[in-house]
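Engineer: Take a look at the following structure, please.
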Amino acid sequence: MAQPKMETRGRKKTSEIDKARSRASRDHKLYQETLTEEFEQLQQDKELQFAASEKRMGRPPVPLAVLQRRALEKYITSLDSYRKIEKKEGIEPWNERDIIRYKLADKAGRKKADEVERLKKYIRRQATILQNIEAEDESHLVKEQKWLGRPSMPKAKKVRHYEKLIEKANVEITEILKTKD
């Protein structure tokens with residue numbers, strides 16, 4: 001007799017009702033985002049850019065009213081499907097306000113990288129490049145360029161360039177840390 005293999009690792013399975021509740025909550029959040037001034041401004045910018053372009057290539061942007069209507073319809077559809085599952089399972093109905101708030105504070109997915117950590121990683125990469133530049137010799141470099149394109153930077157200029165980049169990133173880190181305190 002072989003016993004069924006049980007999953008012991010990973011996240012526990014989410015029930016259908018929780019999935020539907022989460023979907024309704026997310027769809028309401030997306031609908032609310034379409035009502036913001038920032039979203040409206042972004043849509044206006046897209047419309048202006050499309051109207052100003054000479055060739056009018058690509059698909060024209062969807063009007064704001066249509067996007068809002070679609071988002072509202074999607075929310076209503078997901079709320080209806082949640083209500084059907086709720087009725088099918090015989091669970092006490094949730095208040096619509098509670099459904100909306102269900103996933104409001106949930107920040108699923110990968111967390112945004114800290115700006116200071118990103119800059120430190122950038123500094124490490126630039127320092128590695130700088131070490132590689134300092135380690136190479138200039139004997140193989142041609143004095144006069146015999147090909148098209150931008151002439152290569154001399155070693156001293158490259159070193160100054162990367163040192164400036166590192167210095168600039170360090171200044172940015174200190175500014176960020178000052179504003180955090």
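Following the order of the structure tokens, first chain is A, next is B, and so on, with residues numbered from 1 inside each chain and ligands from 1 in the order they appear.
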Using only C-alpha atoms, determine which residues lie at most 9 Å from segment 44-46 of chain A, disregarding the query and same-chain residues fewer than 2 positions distant; provide the list as a PyMOL selection string.

Structural biologist: chain A and resi 39-42+48-51+60-61+63-64

Engineer: Taking 3 positions as the minimum chain separation for residues in the same chain, which residues sit within 10 Å of Tyr162 of chain A when counting only C-alpha atoms? Answer as a ChimeraX atom specification.

Structural biologist: /A:123,126-131,133,157-159,165-168

Engineer: Could those residues be written to a file, using N, CA, C and O atoms, as an mmCIF file, in the first residue's frame?

Structural biologist:
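What ended up in result31.cif:
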```
data_model
loop_
_atom_site.group_PDB
_atom_site.id
_atom_site.type_symbol
_atom_site.label_atom_id
_atom_site.label_comp_id
_atom_site.auth_asym_id
_atom_site.auth_seq_id
_atom_site.Cartn_x
_atom_site.Cartn_y
_atom_site.Cartn_z
ATOM 1 N N ILE A 123 28.558 51.301 -6.272
ATOM 2 C CA ILE A 123 29.926 51.702 -5.921
ATOM 3 C C ILE A 123 30.867 50.501 -6.019
ATOM 4 O O ILE A 123 31.984 50.614 -6.532
ATOM 5 N N GLN A 126 31.599 49.822 -9.673
ATOM 6 C CA GLN A 126 32.494 50.820 -10.251
ATOM 7 C C GLN A 126 33.915 50.636 -9.712
ATOM 8 O O GLN A 126 34.886 50.827 -10.439
ATOM 9 N N ALA A 127 34.040 50.267 -8.438
ATOM 10 C CA ALA A 127 35.362 50.029 -7.852
ATOM 11 C C ALA A 127 36.044 48.841 -8.521
ATOM 12 O O ALA A 127 37.258 48.867 -8.763
ATOM 13 N N THR A 128 35.271 47.808 -8.847
ATOM 14 C CA THR A 128 35.834 46.653 -9.547
ATOM 15 C C THR A 128 36.325 47.053 -10.931
ATOM 16 O O THR A 128 37.419 46.656 -11.352
ATOM 17 N N ILE A 129 35.524 47.840 -11.635
ATOM 18 C CA ILE A 129 35.929 48.320 -12.960
ATOM 19 C C ILE A 129 37.200 49.156 -12.846
ATOM 20 O O ILE A 129 38.124 49.019 -13.645
ATOM 21 N N LEU A 130 37.241 50.007 -11.826
ATOM 22 C CA LEU A 130 38.408 50.859 -11.590
ATOM 23 C C LEU A 130 39.656 50.018 -11.325
ATOM 24 O O LEU A 130 40.731 50.308 -11.867
ATOM 25 N N GLN A 131 39.544 48.969 -10.527
ATOM 26 C CA GLN A 131 40.680 48.089 -10.254
ATOM 27 C C GLN A 131 41.154 47.404 -11.536
ATOM 28 O O GLN A 131 42.365 47.274 -11.761
ATOM 29 N N ILE A 133 40.864 48.566 -14.570
ATOM 30 C CA ILE A 133 41.517 49.588 -15.405
ATOM 31 C C ILE A 133 42.933 49.849 -14.900
ATOM 32 O O ILE A 133 43.874 49.948 -15.692
ATOM 33 N N LYS A 157 42.452 59.243 -17.677
ATOM 34 C CA LYS A 157 41.122 59.848 -17.797
ATOM 35 C C LYS A 157 40.036 58.866 -17.352
ATOM 36 O O LYS A 157 39.059 59.249 -16.697
ATOM 37 N N LYS A 158 40.208 57.587 -17.697
ATOM 38 C CA LYS A 158 39.259 56.561 -17.267
ATOM 39 C C LYS A 158 39.234 56.464 -15.750
ATOM 40 O O LYS A 158 38.160 56.382 -15.140
ATOM 41 N N VAL A 159 40.416 56.474 -15.139
ATOM 42 C CA VAL A 159 40.510 56.378 -13.682
ATOM 43 C C VAL A 159 39.794 57.556 -13.034
ATOM 44 O O VAL A 159 39.010 57.383 -12.094
ATOM 45 N N LEU A 165 32.516 58.998 -10.506
ATOM 46 C CA LEU A 165 31.248 58.275 -10.357
ATOM 47 C C LEU A 165 31.078 57.738 -8.941
ATOM 48 O O LEU A 165 29.999 57.828 -8.351
ATOM 49 N N ILE A 166 32.158 57.182 -8.395
ATOM 50 C CA ILE A 166 32.111 56.651 -7.027
ATOM 51 C C ILE A 166 31.881 57.777 -6.033
ATOM 52 O O ILE A 166 31.071 57.651 -5.105
ATOM 53 N N GLU A 167 32.573 58.893 -6.225
ATOM 54 C CA GLU A 167 32.423 60.039 -5.332
ATOM 55 C C GLU A 167 30.987 60.576 -5.386
ATOM 56 O O GLU A 167 30.384 60.893 -4.350
ATOM 57 N N LYS A 168 30.440 60.664 -6.572
ATOM 58 C CA LYS A 168 29.074 61.157 -6.754
ATOM 59 C C LYS A 168 28.067 60.252 -6.028
ATOM 60 O O LYS A 168 27.133 60.729 -5.378
#
```

Engineer: Segment 35-111 of chain A: which residues are helix (DSSP H, G or I) by DSSP, as an NGL selection string?

Structural biologist: :A and (37-52 or 64-89 or 96-102)

Engineer: So which residues touch Lys29 of chain A within 9 Å, counting only C-alpha atoms, skipping near sequence neighbours fewer than 4 positions away, as a PDB file with C-alpha atoms, in the first residue's frame?

Structural biologist:
```pdb
ATOM      1  CA  ALA A  24     -12.055  41.396  -5.623  1.00  0.00           C
ATOM      2  CA  SER A  25      -9.922  43.429  -3.233  1.00  0.00           C
ATOM      3  CA  GLU A  33      -6.010  53.922  -8.900  1.00  0.00           C
ATOM      4  CA  THR A  34      -7.737  54.858 -12.162  1.00  0.00           C
ATOM      5  CA  TYR A  75     -14.238  44.773  -9.928  1.00  0.00           C
ATOM      6  CA  ILE A 100     -12.062  45.918  -0.116  1.00  0.00           C
ATOM      7  CA  LYS A 103      -5.667  42.814   0.623  1.00  0.00           C
ATOM      8  CA  LEU A 104      -5.242  46.568   0.891  1.00  0.00           C
TER       9      LEU A 104
END
```

Engineer: Please determine, counting only C-alpha atoms, which residue among A:Asp27, A:Glu115, A:Glu92, A:Glu54 has the shortest atom-to-atom distance to Gln68 of chain A.

Structural biologist: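 That would be A:Asp27, the residue with the smallest distance to Gln68 of chain A.
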
Engineer: With distances taken over only C-alpha atoms, which residue among A:Leu119, A:Leu67, A:Ile99, A:Val171 lies nearest Ala20 of chain A?

Structural biologist: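 Answer, going by the shortest atom-to-atom distance: A:Ile99.
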
Engineer: Could you tell me which of A:Glu172, A:Asp80, A:Glu134, A:Glu89 comes closest to Arg23 of chain A if we count only C-alpha atoms?

Structural biologist: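 Checking each of A:Glu172, A:Asp80, A:Glu134, A:Glu89 against Arg23 of chain A, counting only C-alpha atoms, the winner is A:Asp80.
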
Engineer: If we count only C-alpha atoms, what is near Ser15 of chain A at a cut-off of 12 Å, once residues fewer than 2 positions away on the same chain are taken out, given as a PyMOL selection string?

Structural biologist: chain A and resi 12-13+17-22+82+85-86+89

Engineer: Would you please work out which residue, of A:Arg101, A:Lys87, A:Arg118, A:Arg11, is nearest to Ile176 of chain A when using only C-alpha atoms?

Structural biologist: A:Arg118

Engineer: If you measure from atom CA of Arg69 of chain A to atom CA of Glu96 of chain A, what distance in Å do you get, rounded to one decimal?

Structural biologist: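 Computing it gives 19.3 Å between the two atoms.
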
Engineer: I'd like the interatomic distance between atom CA of Pro154 of chain A and atom CA of Arg124 of chain A, to a tenth of an Å.

Structural biologist: 22.3 Å

Engineer: Just how far from atom CA of Ile76 of chain A is atom CA of Lys88 of chain A, in Å to one decimal?

Structural biologist: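 So the two atoms, atom CA of Lys88 of chain A and atom CA of Ile76 of chain A, lie 18.2 Å apart.
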